[in-house]
Number of protein chains: 2
Amino acid sequence: MDDLKKSEKDTLSGKLQNAGLRPTRQRLLLAKILFDGLPKHVTAEQVMTAVRKRKGHVSLATVYNTLNQFTQAGLMRCVSVDQSCAYFDTTLEPHHHFFDEVSGRLWDIPEGDLKISVPDAPHGRGIARVDVTVRLNKKP
Amino acid sequence: MDDLKKSEKDTLSGKLQNAGLRPTRQRLLLAKILFDGLPKHVTAEQVMTAVRKRKGHVSLATVYNTLNQFTQAGLMRCVSVDQSCAYFDTTLEPHHHFFDEVSGRLWDIPEGDLKISVPDAPHGRGIARVDVTVRLNKKP
DNA sequence: GTGTTTGCAAAGTGTTTGCAATTTA
DNA sequence: TAAATTGCAAACACTTTGCAAACAC
């Protein structure tokens, strides 16, 4: 828990300040776009588009910097899906991975060490595959 | 220009031919490096390093092309871990994703629709988080 | 005021591509 | 010989950075 006043917690300004970020015009606009209560998955370019739609202006570099700052501050997180695949894996059988955030190393989780049951694919779609990555950091 | 043992060459040759790929010098060398029976997770640059270590030569562009061809041919697969995170996600609570390979869209899997149990972190490491991506394609 | 943040353009990264030369079947 | 493959360098998309001007406190 924290000992901040309600108003501080409830405004975007307060949210930024809580995170140690000055509530600048740009950050407030981005926060308004991002934290409207609905879950979002956005790319930097999509954020730019949203900014333009509101007739605002934030430079692309600032969008990138701000998204990274928000992420670092724990206000959001990031998901890597594909783009150009960073790691090529010689094992074909379905299997999952440990990823060591410290060393950048990736290795297999032994078969049977992980159990998962996934929902059905939406209508008209099939499951291509299921990727599980257990991300490791230094022991807390 | 033959630095591969005959038996290896024949096996790898066949593997490439089965996949509809001509067994060229470059592909054979890369196949030898990649398919030695041990599971591997490599980046293009690591493959380049392995090539140099064997005093071979394959251009970087060919390494990329070949890795993509091998992947496309089903000889290997690729795993995306991070790099610069492509999607920023405003939801902080642990949750997982559907990723539609057709549209490139990403959305949340409703809480409770997915069950997973993961192994303990290796000694000295903690679990930072678990990422599950259910990748969708066109219905088969 | 003082330290922080922004915007711009330039630099950087990792990957793909166009095309002539080479190699394979 | 015809078609596939390679290497190079240039193009590429996306992201980060350096620094002067603008801003928040």
# chains A, B, ... in the order shown; residues from 1 in each chain; ligands from 1
$ interface_residues --of "chain B" --to "chain A" --cutoff "7 Å" --atoms "only C-alpha atoms" --output "compact mmCIF listing (two decimals) with C-alpha atoms, in the first residue's frame"
# COMPACT_ATOMS: atom_id res chain seq x y z
CA LEU B 34 22.96 -26.19 -36.77
CA PHE B 35 21.91 -29.81 -36.97
CA PRO B 39 19.32 -28.34 -29.39
CA LYS B 40 20.42 -24.84 -30.25
CA HIS B 41 19.11 -21.32 -30.05
CA VAL B 42 21.12 -19.07 -32.25
CA THR B 43 21.09 -15.60 -33.66
CA MET B 76 13.86 -25.24 -37.51
CA ARG B 77 11.65 -22.63 -35.95
CA CYS B 78 12.11 -19.22 -34.47
CA VAL B 79 11.51 -17.70 -31.10
CA SER B 80 11.06 -14.02 -30.44
CA VAL B 81 12.16 -12.93 -27.04
CA ASP B 82 12.54 -9.25 -26.94
CA CYS B 85 9.57 -4.65 -27.63
CA ALA B 86 7.20 -4.35 -30.51
CA TYR B 87 3.97 -4.12 -28.56
CA PHE B 88 3.40 -2.10 -25.45
CA ASP B 89 0.68 -3.50 -23.25
CA THR B 90 -1.21 -1.38 -20.77
CA THR B 91 -2.40 -4.28 -18.65
CA LEU B 92 -0.16 -5.00 -15.72
CA LEU B 106 -2.67 -9.08 -30.29
CA ASP B 113 -9.22 -19.46 -19.83
CA LEU B 114 -5.64 -20.61 -19.61
CA LYS B 115 -3.99 -22.77 -17.00
CA ILE B 116 -0.29 -23.21 -16.64
CA SER B 117 2.15 -24.58 -14.13
CA VAL B 118 5.78 -23.77 -14.62
CA PRO B 119 8.95 -25.34 -13.27
CA GLY B 124 20.12 -18.24 -8.21
CA ARG B 125 17.39 -17.02 -10.51
CA GLY B 126 13.82 -15.91 -9.95
CA ILE B 127 10.89 -15.94 -12.30
CA ALA B 128 10.42 -12.44 -13.62
CA ARG B 129 7.28 -13.38 -15.47
CA VAL B 130 5.75 -16.02 -17.69
CA ASP B 131 4.73 -15.08 -21.19
CA VAL B 132 2.31 -17.27 -23.06
CA THR B 133 1.42 -16.49 -26.63
CA VAL B 134 -1.17 -18.61 -28.40
CA ARG B 135 -0.41 -18.02 -32.05
CA LEU B 136 -3.34 -18.27 -34.41
CA ASN B 137 -3.48 -18.85 -38.12
CA LYS B 138 -6.20 -19.60 -40.61
CA LYS B 139 -8.40 -22.50 -39.69
CA PRO B 140 -6.87 -25.64 -41.17
$ calpha_fit_rmsd --fixed "chain A" --moving "chain B"
5.2 Å
$ select_by_dssp --residues "range 62-99 of chain B" --states "alpha helix (DSSP H)" --output "count of residues only"
11
$ closest_atom_pairs --of "chain C" --to "chain A" --cutoff "12 Å" --atoms "only C-alpha atoms (C1' of nucleotides)" --output "tab-separated table"
residue	atom	partner	partner_atom	distance
C:DG3	C1'	A:Arg22	CA	11.9
C:DT4	C1'	A:Arg22	CA	8.2
C:DT5	C1'	A:Thr24	CA	8.0
C:DT6	C1'	A:Thr62	CA	7.1
C:DG7	C1'	A:Ser59	CA	6.3
C:DC8	C1'	A:Ser59	CA	8.7
C:DA9	C1'	A:Ala61	CA	10.8
C:DG14	C1'	A:Ser84	CA	8.7
C:DT15	C1'	A:Ser84	CA	7.3
C:DT16	C1'	A:Ser84	CA	10.2
$ atom_distance --atom1 "C1' of DA13 in chain D" --atom2 "CA of Leu30 in chain B"
27.1 Å
$ closest_residue --among "B:Ala73, B:Thr49, B:Gly20, B:Lys55" --to "chain D" --atoms "only C-alpha atoms (C1' of nucleotides)"
B:Gly20
$ interface_residues --of "chain D" --to "chain A" --cutoff "10 Å" --atoms "only C-alpha atoms (C1' of nucleotides)" --output "list of chain:residue names"
D:DC14, D:DT15, D:DT16, D:DT17, D:DC23, D:DA24, D:DC25
$ select_by_dssp --residues "chain A" --states "strand (DSSP E or B)" --output "PyMOL selection string"
chain A and resi 41-42+77-79+87-89+96-100+106-109+115-117+125-138
$ residues_around --residues "DA25 in chain C" --least-positions-apart "3" --cutoff "10 Å" --atoms "only C-alpha atoms (C1' of nucleotides)" --output "list in words"
Arg22 of chain B; DA2, DA3 and DA4 of chain D
$ decode --residues "range 3-132 of chain A" --atoms "C-alpha atoms" --output "PDB file, in the first residue's frame"
ATOM      1  CA  ASP A   3       0.243   6.673   1.771  1.00  0.00           C
ATOM      2  CA  LEU A   4      -0.681   9.030  -1.034  1.00  0.00           C
ATOM      3  CA  LYS A   5      -3.869  11.038  -1.100  1.00  0.00           C
ATOM      4  CA  LYS A   6      -6.740   9.762  -3.172  1.00  0.00           C
ATOM      5  CA  SER A   7      -6.597  12.688  -5.585  1.00  0.00           C
ATOM      6  CA  GLU A   8      -2.957  12.010  -6.277  1.00  0.00           C
ATOM      7  CA  LYS A   9      -3.631   8.414  -7.078  1.00  0.00           C
ATOM      8  CA  ASP A  10      -6.610   9.128  -9.246  1.00  0.00           C
ATOM      9  CA  THR A  11      -5.236  11.719 -11.624  1.00  0.00           C
ATOM     10  CA  LEU A  12      -2.920  11.004 -14.465  1.00  0.00           C
ATOM     11  CA  SER A  13      -0.641  13.649 -13.102  1.00  0.00           C
ATOM     12  CA  GLY A  14      -0.466  11.808  -9.852  1.00  0.00           C
ATOM     13  CA  LYS A  15       0.123   8.535 -11.626  1.00  0.00           C
ATOM     14  CA  LEU A  16       3.101   9.992 -13.400  1.00  0.00           C
ATOM     15  CA  GLN A  17       4.404  11.666 -10.289  1.00  0.00           C
ATOM     16  CA  ASN A  18       4.056   8.450  -8.336  1.00  0.00           C
ATOM     17  CA  ALA A  19       6.240   6.890 -10.958  1.00  0.00           C
ATOM     18  CA  GLY A  20       8.799   9.620 -10.580  1.00  0.00           C
ATOM     19  CA  LEU A  21       7.980  11.196 -13.924  1.00  0.00           C
ATOM     20  CA  ARG A  22       7.222  14.865 -14.351  1.00  0.00           C
ATOM     21  CA  PRO A  23       3.736  15.366 -15.741  1.00  0.00           C
ATOM     22  CA  THR A  24       4.707  17.180 -18.905  1.00  0.00           C
ATOM     23  CA  ARG A  25       2.276  18.029 -21.669  1.00  0.00           C
ATOM     24  CA  GLN A  26       3.554  15.163 -23.800  1.00  0.00           C
ATOM     25  CA  ARG A  27       3.503  12.557 -21.064  1.00  0.00           C
ATOM     26  CA  LEU A  28       0.018  13.582 -19.993  1.00  0.00           C
ATOM     27  CA  LEU A  29      -1.293  13.276 -23.516  1.00  0.00           C
ATOM     28  CA  LEU A  30       0.272   9.865 -23.966  1.00  0.00           C
ATOM     29  CA  ALA A  31      -0.986   8.766 -20.575  1.00  0.00           C
ATOM     30  CA  LYS A  32      -4.480   9.918 -21.468  1.00  0.00           C
ATOM     31  CA  ILE A  33      -4.323   7.882 -24.647  1.00  0.00           C
ATOM     32  CA  LEU A  34      -2.870   4.814 -23.000  1.00  0.00           C
ATOM     33  CA  PHE A  35      -4.504   4.668 -19.599  1.00  0.00           C
ATOM     34  CA  ASP A  36      -8.167   5.149 -20.336  1.00  0.00           C
ATOM     35  CA  GLY A  37      -9.086   2.006 -18.490  1.00  0.00           C
ATOM     36  CA  LEU A  38      -9.271  -0.263 -21.512  1.00  0.00           C
ATOM     37  CA  PRO A  39      -6.532  -2.831 -22.105  1.00  0.00           C
ATOM     38  CA  LYS A  40      -4.385  -1.856 -25.048  1.00  0.00           C
ATOM     39  CA  HIS A  41      -1.582  -3.310 -27.102  1.00  0.00           C
ATOM     40  CA  VAL A  42       0.059  -0.615 -29.097  1.00  0.00           C
ATOM     41  CA  THR A  43       3.096   0.023 -31.212  1.00  0.00           C
ATOM     42  CA  ALA A  44       4.892   3.350 -31.174  1.00  0.00           C
ATOM     43  CA  GLU A  45       3.434   4.146 -34.576  1.00  0.00           C
ATOM     44  CA  GLN A  46      -0.098   3.468 -33.360  1.00  0.00           C
ATOM     45  CA  VAL A  47       0.469   5.874 -30.506  1.00  0.00           C
ATOM     46  CA  MET A  48       1.610   8.492 -33.013  1.00  0.00           C
ATOM     47  CA  THR A  49      -1.580   7.963 -34.950  1.00  0.00           C
ATOM     48  CA  ALA A  50      -3.665   8.407 -31.816  1.00  0.00           C
ATOM     49  CA  VAL A  51      -1.790  11.597 -30.996  1.00  0.00           C
ATOM     50  CA  ARG A  52      -2.475  13.001 -34.457  1.00  0.00           C
ATOM     51  CA  LYS A  53      -6.131  12.042 -34.212  1.00  0.00           C
ATOM     52  CA  ARG A  54      -6.378  14.282 -31.168  1.00  0.00           C
ATOM     53  CA  LYS A  55      -4.627  17.068 -33.043  1.00  0.00           C
ATOM     54  CA  GLY A  56      -1.806  16.878 -30.570  1.00  0.00           C
ATOM     55  CA  HIS A  57       1.861  16.781 -31.267  1.00  0.00           C
ATOM     56  CA  VAL A  58       4.553  14.635 -29.740  1.00  0.00           C
ATOM     57  CA  SER A  59       7.673  13.723 -31.644  1.00  0.00           C
ATOM     58  CA  LEU A  60       8.276  10.107 -32.525  1.00  0.00           C
ATOM     59  CA  ALA A  61      11.458  10.041 -30.485  1.00  0.00           C
ATOM     60  CA  THR A  62       9.529  11.256 -27.465  1.00  0.00           C
ATOM     61  CA  VAL A  63       6.883   8.615 -28.009  1.00  0.00           C
ATOM     62  CA  TYR A  64       9.541   5.940 -27.955  1.00  0.00           C
ATOM     63  CA  ASN A  65      11.284   7.435 -24.969  1.00  0.00           C
ATOM     64  CA  THR A  66       8.040   7.847 -23.093  1.00  0.00           C
ATOM     65  CA  LEU A  67       6.821   4.321 -23.785  1.00  0.00           C
ATOM     66  CA  ASN A  68      10.121   3.046 -22.486  1.00  0.00           C
ATOM     67  CA  GLN A  69       9.946   5.279 -19.440  1.00  0.00           C
ATOM     68  CA  PHE A  70       6.391   4.147 -18.676  1.00  0.00           C
ATOM     69  CA  THR A  71       7.486   0.565 -19.059  1.00  0.00           C
ATOM     70  CA  GLN A  72      10.527   1.022 -16.885  1.00  0.00           C
ATOM     71  CA  ALA A  73       8.399   2.766 -14.291  1.00  0.00           C
ATOM     72  CA  GLY A  74       6.058  -0.229 -14.208  1.00  0.00           C
ATOM     73  CA  LEU A  75       3.075   1.612 -15.670  1.00  0.00           C
ATOM     74  CA  MET A  76       2.920  -0.769 -18.587  1.00  0.00           C
ATOM     75  CA  ARG A  77       4.834  -3.723 -19.934  1.00  0.00           C
ATOM     76  CA  CYS A  78       5.914  -4.910 -23.307  1.00  0.00           C
ATOM     77  CA  VAL A  79       5.256  -8.017 -25.326  1.00  0.00           C
ATOM     78  CA  SER A  80       7.495  -9.266 -28.061  1.00  0.00           C
ATOM     79  CA  VAL A  81       5.718 -11.254 -30.676  1.00  0.00           C
ATOM     80  CA  ASP A  82       7.825 -11.635 -33.687  1.00  0.00           C
ATOM     81  CA  GLN A  83       8.927  -9.060 -36.154  1.00  0.00           C
ATOM     82  CA  SER A  84      12.063 -10.698 -37.470  1.00  0.00           C
ATOM     83  CA  CYS A  85      12.737 -13.617 -35.245  1.00  0.00           C
ATOM     84  CA  ALA A  86      15.686 -12.994 -33.032  1.00  0.00           C
ATOM     85  CA  TYR A  87      16.474 -16.583 -32.073  1.00  0.00           C
ATOM     86  CA  PHE A  88      16.438 -19.565 -34.363  1.00  0.00           C
ATOM     87  CA  ASP A  89      15.744 -22.802 -32.585  1.00  0.00           C
ATOM     88  CA  THR A  90      16.784 -26.158 -33.959  1.00  0.00           C
ATOM     89  CA  THR A  91      14.297 -28.171 -31.911  1.00  0.00           C
ATOM     90  CA  LEU A  92      11.067 -28.846 -33.724  1.00  0.00           C
ATOM     91  CA  GLU A  93       9.046 -30.755 -31.153  1.00  0.00           C
ATOM     92  CA  PRO A  94       6.658 -28.552 -29.205  1.00  0.00           C
ATOM     93  CA  HIS A  95       8.557 -27.243 -26.229  1.00  0.00           C
ATOM     94  CA  HIS A  96       9.027 -24.095 -24.198  1.00  0.00           C
ATOM     95  CA  HIS A  97      11.795 -21.856 -23.019  1.00  0.00           C
ATOM     96  CA  PHE A  98      13.592 -20.290 -20.170  1.00  0.00           C
ATOM     97  CA  PHE A  99      14.921 -16.887 -21.085  1.00  0.00           C
ATOM     98  CA  ASP A 100      17.562 -15.409 -18.850  1.00  0.00           C
ATOM     99  CA  GLU A 101      17.097 -11.662 -18.917  1.00  0.00           C
ATOM    100  CA  VAL A 102      20.500 -11.195 -17.345  1.00  0.00           C
ATOM    101  CA  SER A 103      22.568 -13.060 -19.898  1.00  0.00           C
ATOM    102  CA  GLY A 104      20.174 -12.998 -22.842  1.00  0.00           C
ATOM    103  CA  ARG A 105      20.486 -16.766 -23.030  1.00  0.00           C
ATOM    104  CA  LEU A 106      17.629 -18.992 -24.075  1.00  0.00           C
ATOM    105  CA  TRP A 107      17.200 -22.701 -23.378  1.00  0.00           C
ATOM    106  CA  ASP A 108      14.616 -25.407 -23.399  1.00  0.00           C
ATOM    107  CA  ILE A 109      12.332 -26.310 -20.556  1.00  0.00           C
ATOM    108  CA  PRO A 110      12.481 -30.089 -20.279  1.00  0.00           C
ATOM    109  CA  GLU A 111       9.391 -31.841 -21.557  1.00  0.00           C
ATOM    110  CA  GLY A 112       7.007 -32.517 -18.720  1.00  0.00           C
ATOM    111  CA  ASP A 113       8.337 -29.772 -16.476  1.00  0.00           C
ATOM    112  CA  LEU A 114       5.637 -27.441 -17.710  1.00  0.00           C
ATOM    113  CA  LYS A 115       1.934 -28.064 -18.008  1.00  0.00           C
ATOM    114  CA  ILE A 116      -0.433 -25.846 -19.869  1.00  0.00           C
ATOM    115  CA  SER A 117      -3.980 -25.939 -21.119  1.00  0.00           C
ATOM    116  CA  VAL A 118      -5.033 -23.291 -23.567  1.00  0.00           C
ATOM    117  CA  PRO A 119      -8.434 -22.012 -24.657  1.00  0.00           C
ATOM    118  CA  ASP A 120      -9.915 -22.877 -28.033  1.00  0.00           C
ATOM    119  CA  ALA A 121      -8.998 -20.700 -30.948  1.00  0.00           C
ATOM    120  CA  PRO A 122     -11.536 -18.077 -31.907  1.00  0.00           C
ATOM    121  CA  HIS A 123     -13.950 -18.996 -34.671  1.00  0.00           C
ATOM    122  CA  GLY A 124     -12.294 -19.326 -38.046  1.00  0.00           C
ATOM    123  CA  ARG A 125      -8.823 -19.599 -36.579  1.00  0.00           C
ATOM    124  CA  GLY A 126      -6.620 -22.506 -35.612  1.00  0.00           C
ATOM    125  CA  ILE A 127      -3.828 -22.670 -33.095  1.00  0.00           C
ATOM    126  CA  ALA A 128      -0.554 -22.447 -34.952  1.00  0.00           C
ATOM    127  CA  ARG A 129       1.459 -23.011 -31.835  1.00  0.00           C
ATOM    128  CA  VAL A 130       1.765 -22.043 -28.210  1.00  0.00           C
ATOM    129  CA  ASP A 131       4.868 -20.229 -27.070  1.00  0.00           C
ATOM    130  CA  VAL A 132       5.702 -20.123 -23.403  1.00  0.00           C
TER     131      VAL A 132
END
